Structure formats: C-alpha cells, structure tokens
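One file, entry_5.txt, carrying compact mmCIF, C-alpha atoms:
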```
# COMPACT_ATOMS: atom_id res chain seq x y z
CA GLU A 1 0.00 0.00 0.00
CA LEU A 2 1.39 3.37 -1.06
CA SER A 3 0.35 6.53 0.75
CA SER A 4 1.68 9.93 1.73
CA PRO A 5 2.35 10.53 5.43
CA GLY A 6 0.82 13.43 7.31
CA GLN A 7 -2.54 15.10 6.89
CA ALA A 8 -5.43 13.83 4.82
CA GLN A 9 -4.90 13.97 1.05
CA PRO A 10 -7.40 14.86 -1.71
CA PRO A 11 -8.99 11.85 -3.46
CA ILE A 12 -7.28 10.33 -6.50
CA ARG A 13 -9.27 11.22 -9.64
CA CYS A 14 -7.01 9.94 -12.45
CA LEU A 15 -4.50 7.10 -12.62
CA ALA A 16 -2.10 5.94 -15.33
CA LEU A 17 0.68 3.33 -15.38
CA THR A 18 3.86 3.35 -17.43
CA PRO A 19 3.97 0.42 -19.89
CA ASP A 20 6.73 -1.36 -17.96
CA GLY A 21 4.59 -1.30 -14.80
CA THR A 22 7.25 0.35 -12.65
CA LYS A 23 5.58 3.74 -12.17
CA ALA A 24 2.09 5.05 -11.47
CA VAL A 25 1.01 8.63 -12.13
CA ILE A 26 -1.94 9.91 -10.10
CA SER A 27 -3.89 13.15 -9.91
CA GLN A 28 -5.18 14.73 -6.72
CA SER A 29 -7.11 17.93 -7.40
CA ASN A 30 -4.63 20.06 -9.41
CA GLN A 31 -1.48 18.11 -8.47
CA LEU A 32 0.23 15.12 -10.12
CA HIS A 33 2.47 12.60 -8.37
CA VAL A 34 4.66 9.85 -9.77
CA TRP A 35 4.96 6.74 -7.61
CA ASP A 36 7.85 4.33 -8.04
CA LEU A 37 6.13 0.97 -7.57
CA ILE A 38 9.45 -0.74 -6.76
CA THR A 39 10.65 1.59 -4.01
CA GLY A 40 7.24 2.92 -2.94
CA ILE A 41 8.45 6.52 -3.18
CA GLY A 42 6.16 9.23 -4.51
CA THR A 43 7.40 12.44 -6.17
CA PRO A 44 5.29 15.48 -7.13
CA LEU A 45 5.32 16.83 -10.68
CA LEU A 46 5.81 20.59 -10.75
CA PRO A 47 4.29 23.07 -11.27
CA CYS A 48 0.71 22.35 -10.24
CA HIS A 49 -2.14 22.90 -12.66
CA SER A 50 -4.26 25.98 -11.96
CA GLY A 51 -7.45 23.90 -12.04
CA ALA A 52 -8.66 20.39 -11.27
CA ILE A 53 -7.20 17.64 -13.47
CA SER A 54 -9.72 15.93 -15.76
CA CYS A 55 -7.64 13.37 -17.69
CA LEU A 56 -4.24 11.71 -17.66
CA THR A 57 -2.16 9.35 -19.79
CA THR A 58 1.41 8.09 -20.12
CA SER A 59 3.43 7.58 -23.30
CA PRO A 60 4.22 4.11 -24.73
CA THR A 61 7.89 4.72 -23.87
CA GLY A 62 7.05 5.59 -20.27
CA GLN A 63 9.19 8.72 -20.48
CA CYS A 64 6.43 11.31 -20.46
CA ALA A 65 2.84 11.89 -19.37
CA MET A 66 0.06 14.27 -20.39
CA SER A 67 -2.69 15.82 -18.28
CA GLY A 68 -5.66 18.07 -19.01
CA THR A 69 -7.97 20.12 -16.81
CA TRP A 70 -11.59 21.05 -16.34
CA ARG A 71 -12.73 24.59 -17.09
CA ASP A 72 -14.35 27.11 -14.80
CA HIS A 73 -15.03 30.83 -15.05
CA LEU A 74 -11.79 31.75 -13.28
CA ARG A 75 -9.23 29.52 -15.03
CA ALA A 76 -8.21 28.72 -18.58
CA VAL A 77 -8.10 25.12 -19.81
CA GLU A 78 -4.66 23.50 -19.60
CA LEU A 79 -3.11 20.56 -21.47
CA TRP A 80 0.46 19.83 -20.35
CA VAL A 81 3.23 17.41 -21.26
CA TRP A 82 5.46 16.08 -18.46
CA ASP A 83 8.95 14.58 -18.33
CA LEU A 84 8.65 11.71 -15.86
CA GLU A 85 12.41 11.45 -15.37
CA SER A 86 12.94 15.04 -14.28
CA GLY A 87 9.46 15.55 -12.82
CA GLN A 88 9.14 18.81 -14.73
CA ARG A 89 6.66 20.18 -17.25
CA LYS A 90 7.95 19.90 -20.83
CA ALA A 91 5.29 21.80 -22.76
CA GLU A 92 1.99 23.65 -22.55
CA LEU A 93 -0.34 22.83 -25.45
CA GLU A 94 -2.75 25.65 -26.24
CA GLY A 95 -5.92 25.41 -28.30
CA HIS A 96 -8.83 23.84 -26.43
CA THR A 97 -11.37 26.35 -25.12
CA ASP A 98 -13.30 24.03 -22.80
CA ALA A 99 -12.55 21.07 -20.53
CA VAL A 100 -10.14 18.46 -21.90
CA THR A 101 -11.94 15.16 -21.38
CA ALA A 102 -9.41 12.63 -22.73
CA VAL A 103 -5.91 12.46 -24.18
CA CYS A 104 -3.81 9.64 -25.64
CA ILE A 105 -0.33 9.36 -27.14
CA THR A 106 0.48 7.48 -30.36
CA PRO A 107 2.68 4.35 -30.17
CA CYS A 108 5.63 6.26 -31.68
CA GLY A 109 5.37 8.81 -28.87
CA GLN A 110 5.63 11.76 -31.26
CA ARG A 111 1.96 12.69 -31.54
CA ALA A 112 -1.01 12.96 -29.20
CA VAL A 113 -4.77 13.22 -29.68
CA SER A 114 -7.09 15.01 -27.26
CA CYS A 115 -10.82 15.76 -27.09
CA SER A 116 -12.82 18.38 -25.30
CA HIS A 117 -16.16 19.81 -24.35
CA ASP A 118 -15.42 22.41 -27.06
CA ALA A 119 -16.58 19.76 -29.62
CA THR A 120 -13.15 19.28 -31.20
CA VAL A 121 -10.53 16.57 -31.43
CA ARG A 122 -7.00 17.97 -31.70
CA VAL A 123 -3.85 16.34 -33.00
CA TRP A 124 -0.56 17.48 -31.43
CA ASP A 125 3.09 17.35 -32.45
CA LEU A 126 4.80 16.60 -29.14
CA GLU A 127 8.27 17.44 -30.42
CA ARG A 128 7.26 20.98 -31.39
CA GLY A 129 4.45 21.40 -28.86
CA THR A 130 2.02 22.55 -31.54
CA CYS A 131 -1.45 21.60 -32.77
CA THR A 132 -1.25 20.15 -36.28
CA ALA A 133 -4.97 19.53 -36.88
CA VAL A 134 -8.40 20.35 -35.46
CA LEU A 135 -10.92 17.61 -36.23
CA GLN A 136 -14.49 18.91 -36.32
CA GLY A 137 -17.80 17.20 -36.93
CA HIS A 138 -19.31 16.42 -33.55
CA GLU A 139 -22.24 18.64 -32.64
CA GLY A 140 -21.53 18.82 -28.92
CA SER A 141 -19.18 17.93 -26.11
CA ILE A 142 -16.81 15.04 -26.79
CA GLY A 143 -16.42 12.72 -23.84
CA ASP A 144 -13.73 10.30 -24.97
CA VAL A 145 -11.20 9.54 -27.69
CA ARG A 146 -9.16 6.37 -28.25
CA LEU A 147 -6.31 5.50 -30.59
CA ALA A 148 -6.07 2.40 -32.74
CA PRO A 149 -2.88 0.39 -32.07
CA ASP A 150 -1.37 1.50 -35.39
CA GLY A 151 -1.58 5.13 -34.24
CA PHE A 152 -3.10 6.23 -37.56
CA ARG A 153 -6.78 6.17 -36.55
CA ALA A 154 -8.73 7.61 -33.66
CA VAL A 155 -12.30 7.04 -32.48
CA SER A 156 -14.18 9.77 -30.61
CA MET A 157 -17.49 9.72 -28.77
CA SER A 158 -20.02 12.46 -28.04
CA THR A 159 -22.91 12.16 -25.62
CA ASP A 160 -24.51 15.35 -26.94
CA ASP A 161 -24.93 14.18 -30.54
CA ALA A 162 -24.99 10.44 -29.67
CA THR A 163 -22.38 9.50 -32.26
CA LEU A 164 -19.00 7.84 -32.57
CA ARG A 165 -16.62 9.05 -35.27
CA VAL A 166 -13.57 7.40 -36.83
CA TRP A 167 -10.76 9.75 -37.84
CA ASP A 168 -7.89 9.13 -40.25
CA LEU A 169 -4.99 10.95 -38.61
CA ASN A 170 -2.95 11.10 -41.81
CA SER A 171 -5.59 12.87 -43.89
CA CYS A 172 -7.26 14.39 -40.80
CA THR A 173 -10.69 13.43 -42.09
CA CYS A 174 -13.68 11.61 -40.63
CA THR A 175 -14.02 8.24 -42.36
CA ALA A 176 -17.11 6.88 -40.60
CA VAL A 177 -19.93 7.92 -38.29
CA VAL A 178 -22.10 5.59 -36.22
CA ARG A 179 -25.17 6.67 -34.28
CA VAL A 180 -26.30 4.90 -31.16
CA PRO A 181 -30.02 3.98 -30.99
CA ARG A 182 -32.47 6.87 -30.76
CA GLY A 183 -32.95 8.11 -27.20
CA SER A 184 -29.61 6.67 -26.04
CA TYR A 185 -26.48 8.35 -24.74
CA PRO A 186 -22.92 6.97 -25.15
CA LEU A 187 -20.97 7.00 -21.89
CA ARG A 188 -17.69 5.08 -22.30
CA LEU A 189 -15.54 3.92 -25.20
CA ALA A 190 -12.91 1.19 -25.64
CA LEU A 191 -11.03 -0.30 -28.60
CA SER A 192 -9.91 -3.89 -29.04
CA ALA A 193 -6.18 -4.69 -28.91
CA ASP A 194 -5.99 -5.15 -32.69
CA GLY A 195 -8.05 -2.04 -33.42
CA SER A 196 -10.70 -3.93 -35.35
CA SER A 197 -13.59 -3.26 -32.95
CA ALA A 198 -14.92 -0.43 -30.81
CA VAL A 199 -17.15 -1.03 -27.82
CA CYS A 200 -19.38 1.76 -26.57
CA ALA A 201 -21.31 1.65 -23.32
CA PHE A 202 -24.54 3.64 -23.56
CA THR A 203 -27.75 4.16 -21.65
CA SER A 204 -31.29 4.82 -22.86
CA ASN A 205 -33.37 7.86 -22.00
CA THR A 206 -36.21 6.01 -20.35
CA VAL A 207 -37.84 5.88 -16.93
CA VAL A 208 -35.90 2.68 -16.27
CA ILE A 209 -32.21 3.20 -17.00
CA SER A 210 -31.06 0.42 -19.31
CA PRO A 211 -27.27 0.22 -19.77
CA ARG A 212 -26.16 -1.51 -22.96
CA LEU A 213 -23.06 -2.18 -25.08
CA LEU A 214 -22.66 -1.39 -28.75
CA VAL A 215 -19.94 -3.31 -30.60
CA TRP A 216 -18.75 -1.69 -33.81
CA ASP A 217 -16.71 -3.43 -36.51
CA LEU A 218 -14.07 -0.86 -37.55
CA SER A 219 -12.68 -3.00 -40.34
```
Encoded form (structure tokens):
Amino acid sequence: ELSSPGQAQPPIRCLALTPDGTKAVISQSNQLHVWDLITGIGTPLLPCHSGAISCLTTSPTGQCAMSGTWRDHLRAVELWVWDLESGQRKAELEGHTDAVTAVCITPCGQRAVSCSHDATVRVWDLERGTCTAVLQGHEGSIGDVRLAPDGFRAVSMSTDDATLRVWDLNSCTCTAVVRVPRGSYPLRLALSADGSSAVCAFTSNTVVISPRLLVWDLS
C-alpha cells in the first residue's frame, strides 16, 4: 500500500501506469504525483495545474505523461506534457477552449490526440508542442477519444450528438460515423487490442435506466 504521510490527502481522480509497470502517475485535485512501484516513493510533478485535473495518460515509452484540466469561469483550460524522469513540465499545449476530457499518445510517442467539451478533437506534435490539426464534426461535447494500435486512426465519442466518429490521422478526415439507438447516450468507449472493434457503453433515456453495449466493426 502506497500513501503519503501526514494530513489527509485529496482523493485520486485519475491514474495511469507506465507500460513497464514500474511507475504510477496519479492526480489529486490540481497536483500530479509519480509513484515508483518498486521503491514505494512518490514524487510530485511541478508546477501544479491551476485547475482540477480531468484526464491523464502516459506515453508508450514511459518517459512522459500528459494531463488536461476542467474549465471554470476563473481559469483557462490547460493541457500539459510532463517529463517523468525530471518531474518537470515539458510543454503547454494551447488550443482547447473548454474542458479536456481525454488524451492519448500514439505508439511512436511523437503525436497525441485530445478531445474536449469544445466539440473538437485535436492532433498534437509533441516534439514541437504545436497543434497540427483540429478535427471537427461532432455537434456537442466530446467525452472520450481512443487511438487504434497502429496510431493512424482515432475514435471519438459524443454524448450530446450520440455518435461515434472514426478519424484518419494522416488525412485528418472523418471516415465513418455511427449513431447509437435513438434516445440513447454513449458514456464510455474502448477499442480492441488489434483495433478492429470499438465497444461503446450507452444508456437509454427512459424511466428505467437500461445500460447496454454497442460493438462496432471498424474494419
């Protein structure tokens, strides 16, 4: 069991492991910590975000992490890249205008994809720290985005417009749209290990809540 000594700590909202399983990155309010799972030592990542952290991921190499924040009327949205070796922030990625709800890094570790309540999916060049594409098409907040294992396709999900969209990250175009059944709302999204299928958990807008799964053949 790993814990910080002293006074009570804020609850853990986000958790991500490095691929080799030796480190865990956690978020507590606006602060990130890296825990060495071998030694049991936790180290804070600095500086702290200005707002509460909404999403978190680690790179396939385990050398960096990314975190995004919620939005409120006092603070701007933040999407940061972290160096897990030094414990320092590497880059601030600017572009989203509302809460960043999910972020993932491509297998090569050179690009990232994020989604937001601002109804956009953004593609980032992590070497330059710049946005290379803004993918638009959803008609409301985007709750999740996942990368196919090849790193060339992404799937995003919006509860507001009740759709999933497949994006080709080379051409930066939407190649397919699937709508969940009328009166339903997608909640969670996952891709299979080979990238051939997407699974969406959704619920219907009825008096009796009826959770269901939609399996989508991406091939």
Between A:Val81, A:Cys115, A:Ala24, A:Ala190, which is the closest to A:Ile41 once you count all atoms listed in the file? A:Ala24
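Atom CA of A:Arg165 is found 28.6 Å from atom CA of A:Trp82.
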With all atoms listed in the file as the counted atoms, please give the residues lying no more than 12 Å from A:Gly95, apart from itself and same-chain residues fewer than 6 positions off, as an MDAnalysis selection string. chainID A and resid 68 76:80 114:116 118 120:124 129:134
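For the atom pair formed by atom CA of A:Pro181 and atom CA of A:Ala198, the distance is 15.7 Å, given to one decimal.
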Just to confirm, what's the straight-line distance from atom CA of A:Val166 to atom CA of A:Val100 in Å (one decimal)? 18.9 Å
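Closest approach to A:Tyr185 among A:Thr61, A:Gln136, A:Thr203, A:Thr106: A:Thr203, based on only C-alpha atoms.
Comparing A:Thr69, A:Gln110, A:Ser141, A:Thr173 by their smallest distance to A:Asp161, the closest is A:Ser141 (using all atoms listed in the file).
Excluding A:Leu84 itself and same-chain residues fewer than 2 positions from it, the residues having an atom within 7 Å of it are Gln63, Cys64, Ala65, Trp82, Ser86 and Gly87 of chain A, counting only C-alpha atoms.
Residues in contact range of A:Pro186, defined as at most 9 Å between all atoms listed in the file, with sequence neighbours fewer than 2 positions away removed, read Gly143, Met157, Ser158, Thr159, Asp160, Ala162, Thr163, Leu164, Val180, Ser184, Arg188, Leu189, Cys200, Ala201, Phe202, Thr203 and Ser204 of chain A.
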Please provide as a PyMOL selection string all residues within 6 Å of A:Ala154, with the sequence filter that same-chain residues fewer than 6 positions apart are discarded (counting all atoms listed in the file). chain A and resi 146-148+166-167
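Considering the residues A:Ile105, A:Ile142, A:Leu187, A:Ser197 and counting only C-alpha atoms, A:His117 has its shortest atom-to-atom contact with A:Ile142.
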